[in-house]
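Participant: Sharing work.cif, mmCIF, C-alpha atoms:
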```cif
data_start
#
loop_
_atom_site.group_PDB
_atom_site.id
_atom_site.type_symbol
_atom_site.label_atom_id
_atom_site.label_comp_id
_atom_site.auth_asym_id
_atom_site.auth_seq_id
_atom_site.Cartn_x
_atom_site.Cartn_y
_atom_site.Cartn_z
ATOM 1 C CA MET A 1 94.971 4.260 104.760
ATOM 2 C CA GLY A 2 91.498 2.768 105.187
ATOM 3 C CA LEU A 3 88.441 2.878 102.997
ATOM 4 C CA HIS A 4 85.644 5.218 103.950
ATOM 5 C CA GLY A 5 82.061 4.915 102.783
ATOM 6 C CA THR A 6 79.003 2.745 103.058
ATOM 7 C CA LEU A 7 78.876 -1.017 102.686
ATOM 8 C CA VAL A 8 75.714 -2.193 100.954
ATOM 9 C CA ALA A 9 74.743 -5.850 100.619
ATOM 10 C CA SER A 10 71.681 -7.744 99.503
ATOM 11 C CA VAL A 11 70.656 -10.894 101.364
ATOM 12 C CA GLU A 12 67.196 -12.443 101.111
ATOM 13 C CA PHE A 13 65.582 -12.539 104.555
ATOM 14 C CA LYS A 14 62.221 -14.297 104.838
ATOM 15 C CA ALA A 15 60.997 -12.689 108.066
ATOM 16 C CA GLY A 16 59.475 -9.426 109.173
ATOM 17 C CA GLY A 17 61.446 -6.216 109.559
ATOM 18 C CA ASP A 18 61.058 -6.240 113.335
ATOM 19 C CA LEU A 19 62.810 -9.599 113.587
ATOM 20 C CA TYR A 20 65.620 -8.392 111.319
ATOM 21 C CA HIS A 21 66.204 -5.238 113.388
ATOM 22 C CA GLU A 22 66.162 -7.205 116.654
ATOM 23 C CA LEU A 23 68.738 -9.599 115.178
ATOM 24 C CA VAL A 24 71.069 -6.857 113.959
ATOM 25 C CA ARG A 25 70.698 -4.745 117.106
ATOM 26 C CA TYR A 26 70.920 -7.307 119.905
ATOM 27 C CA ASN A 27 72.461 -10.430 118.298
ATOM 28 C CA PRO A 28 74.623 -9.327 115.363
ATOM 29 C CA ASN A 29 76.942 -12.292 115.959
ATOM 30 C CA LYS A 30 74.064 -14.507 114.710
ATOM 31 C CA VAL A 31 74.419 -12.891 111.246
ATOM 32 C CA ALA A 32 77.537 -15.037 110.765
ATOM 33 C CA ASP A 33 75.439 -18.146 111.471
ATOM 34 C CA ILE A 34 72.913 -17.096 108.810
ATOM 35 C CA THR A 35 75.419 -16.044 106.114
ATOM 36 C CA PRO A 36 78.768 -17.739 106.894
ATOM 37 C CA GLU A 37 79.987 -17.275 103.311
ATOM 38 C CA LYS A 38 79.601 -13.464 103.620
ATOM 39 C CA VAL A 39 80.094 -12.629 107.324
ATOM 40 C CA GLN A 40 82.662 -14.469 109.422
ATOM 41 C CA GLY A 41 81.671 -12.836 112.703
ATOM 42 C CA CYS A 42 81.578 -9.738 114.871
ATOM 43 C CA ASP A 43 82.833 -8.766 118.302
ATOM 44 C CA VAL A 44 82.086 -5.899 120.646
ATOM 45 C CA HIS A 45 85.148 -3.677 120.987
ATOM 46 C CA GLU A 46 83.532 -1.192 123.392
ATOM 47 C CA GLY A 47 80.137 -1.192 125.120
ATOM 48 C CA GLU A 48 77.409 -3.804 124.616
ATOM 49 C CA PHE A 49 75.403 -5.116 121.673
ATOM 50 C CA GLY A 50 72.390 -2.857 121.111
ATOM 51 C CA LYS A 51 73.680 0.094 123.154
ATOM 52 C CA VAL A 52 74.266 3.552 121.646
ATOM 53 C CA GLY A 53 77.973 4.425 121.588
ATOM 54 C CA SER A 54 79.131 0.811 121.285
ATOM 55 C CA ILE A 55 81.750 -0.172 118.723
ATOM 56 C CA VAL A 56 81.256 -3.470 116.880
ATOM 57 C CA LEU A 57 84.072 -5.012 114.827
ATOM 58 C CA TRP A 58 82.882 -7.002 111.791
ATOM 59 C CA ARG A 59 84.779 -9.576 109.688
ATOM 60 C CA TYR A 60 83.294 -10.166 106.232
ATOM 61 C CA THR A 61 84.248 -11.485 102.796
ATOM 62 C CA HIS A 62 84.213 -9.315 99.684
ATOM 63 C CA GLY A 63 85.337 -11.223 96.626
ATOM 64 C CA LYS A 64 88.129 -13.505 97.768
ATOM 65 C CA TYR A 65 89.404 -11.221 100.545
ATOM 66 C CA ILE A 66 88.407 -11.009 104.210
ATOM 67 C CA HIS A 67 87.923 -7.440 105.437
ATOM 68 C CA ARG A 68 87.410 -5.851 108.846
ATOM 69 C CA TYR A 69 84.980 -3.042 109.596
ATOM 70 C CA SER A 70 84.348 -0.993 112.750
ATOM 71 C CA GLN A 71 80.770 0.154 113.329
ATOM 72 C CA LEU A 72 79.821 2.876 115.809
ATOM 73 C CA ILE A 73 76.249 2.373 117.027
ATOM 74 C CA SER A 74 74.353 5.673 116.946
ATOM 75 C CA PHE A 75 70.766 6.817 117.371
ATOM 76 C CA GLN A 76 68.731 8.438 114.591
ATOM 77 C CA SER A 77 65.186 9.616 115.076
ATOM 78 C CA SER A 78 63.036 9.609 111.963
#
```
Represent the structure of the file as structure tokens.

Facilitator:
Amino acid sequence: MGLHGTLVASVEFKAGGDLYHELVRYNPNKVADITPEKVQGCDVHEGEFGKVGSIVLWRYTHGKYIHRYSQLISFQSS
């Protein structure tokens, strides 16, 4: 049985929003370089980074435990 819900984190990022979204969309593996104590890495399970329908597998630390999370990339118009 897995956990379902939304993961919310707060990390100070001293750059514009466009740079942040480019980083998360096209180079999410760089997030581990920025916050190695929180995020250990991510891999593409299906598709490509930044493409709708791709599945990204994340490894992150919460407390003293390392967790895994699958993220399905989708498109939302505002």

Participant: Using Å and a single decimal, report how far CA of Gln76 (chain A) sits from CA of Gln40 (chain A).

Facilitator: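 Atom-to-atom, CA of Gln40 (chain A) and CA of Gln76 (chain A) are spaced 27.3 Å apart.
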
Participant: What's around Ser74 (chain A) at 10 Å? Count all atoms listed in the file, leave out sequence neighbours fewer than 5 positions away in its own chain, and write the answer as a PyMOL selection string.

Facilitator: chain A and resi 50-55

Participant: Using all atoms listed in the file, which residue out of A:Gly47, A:Gly16, A:Gly41, A:Pro28 lies closest to Ile66 (chain A)?

Facilitator: A:Gly41

Participant: Which neighbours of Ser70 (chain A) fall inside 8 Å, counting only C-alpha atoms, when residues of the same chain fewer than 2 positions from it are skipped, and could you give them as a PyMOL selection string?

Facilitator: chain A and resi 55-58+68+72

Participant: Carefully work through the PyMOL selection byres ((chain A and resi 37) around 12) for this structure and note down the residues it includes, as a PyMOL selection string.

Facilitator: chain A and resi 11+31-36+38-41+59-66

Participant: Record the distance separating CA of Asp43 (chain A) and CA of Gln71 (chain A), expressed in Å with one decimal.

Facilitator: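 Pair CA of Asp43 (chain A) / CA of Gln71 (chain A) returns 10.4 Å.
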
Participant: Could you tell me how far CA of Phe49 (chain A) sits from CA of Asn29 (chain A), in Å to one decimal place?

Facilitator: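 Between CA of Asn29 (chain A) and CA of Phe49 (chain A) the gap is 9.3 Å.
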
Participant: Specify the axis-aligned box that encloses all atoms of region 33-46 of chain A listed in the file after padding of 3 Å on each side, stating its centre and edge lengths in Å to one decimal as JSON.

Facilitator:
```
{"center_x": 79.0, "center_y": -9.7, "center_z": 113.4, "size_x": 18.2, "size_y": 23.0, "size_z": 26.1}
```

Participant: Missing atoms in region 41-52 of chain A need filling: write out all heavy atoms for it as a short mmCIF file (atom, residue, chain, number, x, y, z; two decimals), in the frame of the given file.

Facilitator:
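Contents of rebuild-v1.cif, freshly written:
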```
data_model
loop_
_atom_site.label_atom_id
_atom_site.label_comp_id
_atom_site.auth_asym_id
_atom_site.auth_seq_id
_atom_site.Cartn_x
_atom_site.Cartn_y
_atom_site.Cartn_z
N GLY A 41 81.99 -13.07 111.30
CA GLY A 41 81.67 -12.84 112.70
C GLY A 41 81.79 -11.38 113.08
O GLY A 41 82.15 -10.53 112.27
N CYS A 42 81.44 -11.08 114.34
CA CYS A 42 81.58 -9.74 114.87
C CYS A 42 81.82 -9.83 116.37
O CYS A 42 81.43 -10.80 117.01
CB CYS A 42 80.36 -8.88 114.55
SG CYS A 42 78.87 -9.39 115.42
N ASP A 43 82.51 -8.83 116.88
CA ASP A 43 82.83 -8.77 118.30
C ASP A 43 82.57 -7.35 118.79
O ASP A 43 82.70 -6.39 118.03
CB ASP A 43 84.31 -9.11 118.54
CG ASP A 43 84.66 -10.50 118.07
OD1 ASP A 43 83.99 -11.45 118.52
OD2 ASP A 43 85.58 -10.64 117.25
N VAL A 44 82.25 -7.23 120.05
CA VAL A 44 82.09 -5.90 120.65
C VAL A 44 83.47 -5.42 121.09
O VAL A 44 84.15 -6.11 121.85
CB VAL A 44 81.12 -5.93 121.85
CG1 VAL A 44 81.08 -4.59 122.53
CG2 VAL A 44 79.75 -6.33 121.40
N HIS A 45 83.87 -4.27 120.59
CA HIS A 45 85.15 -3.68 120.99
C HIS A 45 84.97 -2.81 122.23
O HIS A 45 85.78 -2.84 123.13
CB HIS A 45 85.73 -2.86 119.83
CG HIS A 45 87.05 -2.23 120.13
ND1 HIS A 45 88.18 -2.98 120.31
CD2 HIS A 45 87.41 -0.94 120.28
CE1 HIS A 45 89.19 -2.16 120.57
NE2 HIS A 45 88.75 -0.93 120.55
N GLU A 46 83.88 -2.03 122.24
CA GLU A 46 83.53 -1.19 123.39
C GLU A 46 82.03 -1.24 123.59
O GLU A 46 81.28 -1.25 122.62
CB GLU A 46 83.93 0.27 123.15
CG GLU A 46 85.40 0.54 123.16
CD GLU A 46 85.73 2.00 122.95
OE1 GLU A 46 84.84 2.86 123.14
OE2 GLU A 46 86.87 2.29 122.59
N GLY A 47 81.57 -1.23 124.82
CA GLY A 47 80.14 -1.19 125.12
C GLY A 47 79.49 -2.56 125.08
O GLY A 47 80.12 -3.57 125.37
N GLU A 48 78.20 -2.57 124.68
CA GLU A 48 77.41 -3.80 124.62
C GLU A 48 76.62 -3.81 123.32
O GLU A 48 76.29 -2.76 122.78
CB GLU A 48 76.40 -3.85 125.76
CG GLU A 48 76.98 -3.85 127.15
CD GLU A 48 75.88 -3.83 128.20
OE1 GLU A 48 74.81 -4.41 127.96
OE2 GLU A 48 76.10 -3.21 129.24
N PHE A 49 76.27 -5.02 122.84
CA PHE A 49 75.40 -5.12 121.67
C PHE A 49 74.10 -4.37 121.95
O PHE A 49 73.50 -4.51 123.01
CB PHE A 49 75.07 -6.57 121.34
CG PHE A 49 76.19 -7.33 120.70
CD1 PHE A 49 76.56 -8.57 121.17
CD2 PHE A 49 76.87 -6.82 119.61
CE1 PHE A 49 77.57 -9.29 120.58
CE2 PHE A 49 77.89 -7.54 119.01
CZ PHE A 49 78.24 -8.77 119.49
N GLY A 50 73.66 -3.55 121.01
CA GLY A 50 72.39 -2.86 121.11
C GLY A 50 72.43 -1.54 121.86
O GLY A 50 71.41 -0.86 121.95
N LYS A 51 73.57 -1.15 122.39
CA LYS A 51 73.68 0.09 123.15
C LYS A 51 74.30 1.19 122.30
O LYS A 51 75.28 0.96 121.59
CB LYS A 51 74.54 -0.10 124.41
CG LYS A 51 74.01 -1.15 125.36
CD LYS A 51 72.77 -0.68 126.06
CE LYS A 51 72.32 -1.73 127.06
NZ LYS A 51 71.13 -1.38 127.75
N VAL A 52 73.73 2.40 122.38
CA VAL A 52 74.27 3.55 121.65
C VAL A 52 75.67 3.85 122.16
O VAL A 52 75.93 3.80 123.35
CB VAL A 52 73.34 4.78 121.82
CG1 VAL A 52 73.97 6.02 121.21
CG2 VAL A 52 71.98 4.51 121.22
#
```
